[in-house]
Amino acid sequence: MLPALLVEPVVRAALLEDLGRAGDITTASVVPEAARARAVIVTRQPGVVAGVDCAMMAMRLLDPAIEITIHRADGSRVAAGDTVAAVAGPARAILTAERVALNFLCHLSGVATATASLVDAARGHRARITCTRKTTPGLRALEKHAVRAGGGVSHRFGLDDGVLIKDNHIEAVGGIGTAVARARQAVGHMVKIEVEVETLAELETALAAGVDAVLLDNMAPAMLAQAVVMIDGRAVSEASGRITRDTVAAVAASGVDIISAGWITHSAAALDLGLDFQKG
């Protein structure tokens with residue numbers, strides 16, 4: 001679970017966006033101020049849960065008096081009909097927080113579920129599934145947490161925690177060797193250097209330059225297997241480019257260390273969850 005200090009500002013901003021200038025005029029006009037309610041958040045389809053802390057934070061920010069019971073923590077695999085959390089307290093606050101809470105929970109659970117689908121398909125091989133920087137602006141910490149909840153790991157969190165020399169960097173300076181040499185001179189000894197390559201010839205040049213990792217971009221499984229043999233443990237091998245549930249097993253079988261996929265954060269389908277009021 002992420003620290004509340006990281007979660008609270010993002011959830012608060014989402015609530016402020018939803019409340020607008022006059023607040024929840026529907027609930028305020030329909031539901032008596034003294035009304036109390038009990039509700040459960042229930043899954044409508046199977047998947048992996050993530051974002052429970054965000055959903056509950058939305059409830060608490062609307063009214064700290066809301067009582068919360070979490071039944072399925074982040075990383076839990078759920079079936080349709082499972083109860084993720086239960087809330088009880090002022091009905092107005094629960095209703096006003098409902099959509100923001102579910103927006104976070106459905107989206108982040110979708111990211112976790114998409115990640116788990118790749119992790120499951122690659123099981124039996126050493127490759128680990130990782131996300132990229134292709135995240136929703138403002139939600140990177142939450143989406144990368146959801147990837148971890150789904151069994152994946154994180155690539156660079158941002159531009160400042162690792163060197164990744166891509167094709168345009170290479171084009172800008174005239175070659176892989178030059179780019180790596182300049183990076184090695186500029187960064188500290190704790191910073192890793194990775195180079196993106198598209199051919200085996202480029203791979204050989206990168207290895208000769210002494211890189212820590214190579215991003216094998218858009219290579220077919222057969223070429224990936226050749227690349228792994230060439231690398232021979234001298235660098236971390238990462239496969240990337242149009243990795244899907246249907247292709248990930250073959251990519252993993254090539255022997256690469258890492259498989260990265262941008263779509264698990266930028267295009268994951270939301271997991272269907274709902275908040276149901278209970279009678280009595």
# chains A, B, ... in the order shown; residues from 1 in each chain; ligands from 1
$ closest_atom_pairs --of "region 115-214 of chain A" --to "region 65-82 of chain A" --cutoff "10 Å" --atoms "only C-alpha atoms" --output "Markdown table"
| residue | atom | partner | partner_atom | distance |
| --- | --- | --- | --- | --- |
| A:Ala116 | CA | A:Arg77 | CA | 9.4 |
| A:His145 | CA | A:Asp74 | CA | 9.3 |
| A:Ala146 | CA | A:Asp74 | CA | 7.9 |
| A:Val147 | CA | A:Gly75 | CA | 9.3 |
| A:Arg148 | CA | A:Gly75 | CA | 7.9 |
| A:Ala149 | CA | A:Gly75 | CA | 4.3 |
| A:Gly150 | CA | A:Gly75 | CA | 5.9 |
| A:Gly151 | CA | A:Gly75 | CA | 7.8 |
$ write_last_selection --atoms "C-alpha atoms" --output "tab-separated table (two decimals), in the first residue's frame"
chain	number	residue	atom	x	y	z
A	116	ALA	CA	-1.47	-10.35	-13.91
A	145	HIS	CA	1.69	0.50	-7.58
A	146	ALA	CA	-1.15	-1.30	-9.40
A	147	VAL	CA	1.39	-3.02	-11.65
A	148	ARG	CA	3.17	-4.32	-8.56
A	149	ALA	CA	-0.18	-5.48	-7.14
A	150	GLY	CA	-0.63	-7.51	-10.33
A	151	GLY	CA	2.71	-9.23	-9.90
$ residues_around --residues "region 103-108 of chain A" --least-positions-apart "6" --cutoff "8 Å" --atoms "only C-alpha atoms" --output "NGL selection string"
:A and (49-52 or 54-55 or 142-143 or 146 or 268-273)
$ atom_distance --atom1 "CA of Ile129 (chain A)" --atom2 "CA of Val111 (chain A)"
12.6 Å
$ select_by_dssp --residues "region 48-277 of chain A" --states "strand (DSSP E or B)" --output "VMD selection string"
chain A and resid 48 67 to 70 77 to 78 83 to 90 128 to 130 153 163 to 165 193 to 197 213 to 217 236 to 240 258 to 260 273 to 277
$ residues_around --residues "Thr265 (chain A)" --least-positions-apart "6" --cutoff "9 Å" --atoms "only C-alpha atoms" --output "VMD selection string"
chain A and resid 108 110 to 112 114 to 115 131 to 136 140 143 to 144 146 to 147
$ write_last_selection --atoms "C-alpha atoms" --output "PDB file, in the first residue's frame"
ATOM      1  CA  LEU A 108      -6.200   0.620 -10.906  1.00  0.00           C
ATOM      2  CA  GLY A 110      -7.823  -2.941 -14.371  1.00  0.00           C
ATOM      3  CA  VAL A 111      -4.092  -2.178 -14.476  1.00  0.00           C
ATOM      4  CA  ALA A 112      -3.393  -4.886 -11.895  1.00  0.00           C
ATOM      5  CA  ALA A 114      -3.874  -6.639 -17.118  1.00  0.00           C
ATOM      6  CA  THR A 115      -0.463  -7.052 -15.504  1.00  0.00           C
ATOM      7  CA  CYS A 131       5.512  -1.319 -16.955  1.00  0.00           C
ATOM      8  CA  THR A 132       6.949   1.799 -18.622  1.00  0.00           C
ATOM      9  CA  ARG A 133       6.576   5.574 -18.347  1.00  0.00           C
ATOM     10  CA  LYS A 134       3.442   5.389 -20.520  1.00  0.00           C
ATOM     11  CA  THR A 135       1.221   6.322 -17.604  1.00  0.00           C
ATOM     12  CA  THR A 136      -1.725   8.668 -17.101  1.00  0.00           C
ATOM     13  CA  ARG A 140       2.121   7.410 -12.247  1.00  0.00           C
ATOM     14  CA  GLU A 143      -0.519   2.999 -11.702  1.00  0.00           C
ATOM     15  CA  LYS A 144       2.960   1.657 -10.975  1.00  0.00           C
ATOM     16  CA  ALA A 146      -1.148  -1.299  -9.399  1.00  0.00           C
ATOM     17  CA  VAL A 147       1.394  -3.021 -11.650  1.00  0.00           C
TER      18      VAL A 147
END
$ atom_distance --atom1 "CA of Thr113 (chain A)" --atom2 "CA of Asp217 (chain A)"
24.6 Å
$ closest_residue --among "A:Arg128, A:Arg99, A:Arg182, A:Lys192" --to "Asp257 (chain A)" --atoms "only C-alpha atoms"
A:Arg128
$ residues_around --residues "Leu15 (chain A)" --least-positions-apart "2" --cutoff "12 Å" --atoms "only C-alpha atoms" --output "PyMOL selection string"
chain A and resi 8-13+17-21+23-24+54-55+57-62+93+96-104
$ write_last_selection --atoms "C-alpha atoms" --output "PDB file, in the first residue's frame"
ATOM      1  CA  GLU A   8      -4.167  12.011  -0.463  1.00  0.00           C
ATOM      2  CA  PRO A   9      -3.294  14.907  -2.829  1.00  0.00           C
ATOM      3  CA  VAL A  10      -4.328  12.914  -5.922  1.00  0.00           C
ATOM      4  CA  VAL A  11      -7.627  11.803  -4.397  1.00  0.00           C
ATOM      5  CA  ARG A  12      -8.319  15.277  -3.023  1.00  0.00           C
ATOM      6  CA  ALA A  13      -7.810  16.788  -6.486  1.00  0.00           C
ATOM      7  CA  GLU A  17     -12.840  18.290  -9.715  1.00  0.00           C
ATOM      8  CA  ASP A  18     -16.063  16.337  -9.151  1.00  0.00           C
ATOM      9  CA  LEU A  19     -17.547  18.658  -6.536  1.00  0.00           C
ATOM     10  CA  GLY A  20     -17.121  21.700  -8.765  1.00  0.00           C
ATOM     11  CA  ARG A  21     -18.336  25.055  -7.498  1.00  0.00           C
ATOM     12  CA  GLY A  23     -20.826  20.450  -4.405  1.00  0.00           C
ATOM     13  CA  ASP A  24     -23.095  17.436  -4.883  1.00  0.00           C
ATOM     14  CA  CYS A  54      -7.518   5.416  -2.899  1.00  0.00           C
ATOM     15  CA  ALA A  55     -11.188   4.474  -2.740  1.00  0.00           C
ATOM     16  CA  MET A  57      -9.311   7.816   1.096  1.00  0.00           C
ATOM     17  CA  ALA A  58     -12.096   9.369  -0.986  1.00  0.00           C
ATOM     18  CA  MET A  59     -14.603   8.257   1.631  1.00  0.00           C
ATOM     19  CA  ARG A  60     -12.522   9.539   4.557  1.00  0.00           C
ATOM     20  CA  LEU A  61     -11.893  12.924   2.950  1.00  0.00           C
ATOM     21  CA  LEU A  62     -15.626  13.450   2.535  1.00  0.00           C
ATOM     22  CA  ALA A  93     -20.728  11.523   2.194  1.00  0.00           C
ATOM     23  CA  THR A  96     -20.749  11.969  -2.917  1.00  0.00           C
ATOM     24  CA  ALA A  97     -17.507   9.978  -2.707  1.00  0.00           C
ATOM     25  CA  GLU A  98     -18.873   6.986  -4.632  1.00  0.00           C
ATOM     26  CA  ARG A  99     -17.841   7.885  -8.179  1.00  0.00           C
ATOM     27  CA  VAL A 100     -14.349   9.120  -7.374  1.00  0.00           C
ATOM     28  CA  ALA A 101     -13.745   6.073  -5.177  1.00  0.00           C
ATOM     29  CA  LEU A 102     -14.863   3.708  -7.929  1.00  0.00           C
ATOM     30  CA  ASN A 103     -12.974   5.582 -10.645  1.00  0.00           C
ATOM     31  CA  PHE A 104      -9.708   4.947  -8.838  1.00  0.00           C
TER      32      PHE A 104
END
$ select_by_dssp --residues "region 83-248 of chain A" --states "alpha helix (DSSP H)" --output "number ranges by chain"
A: 91-121, 140-149, 167-173, 176-186, 200-208, 221-231, 248
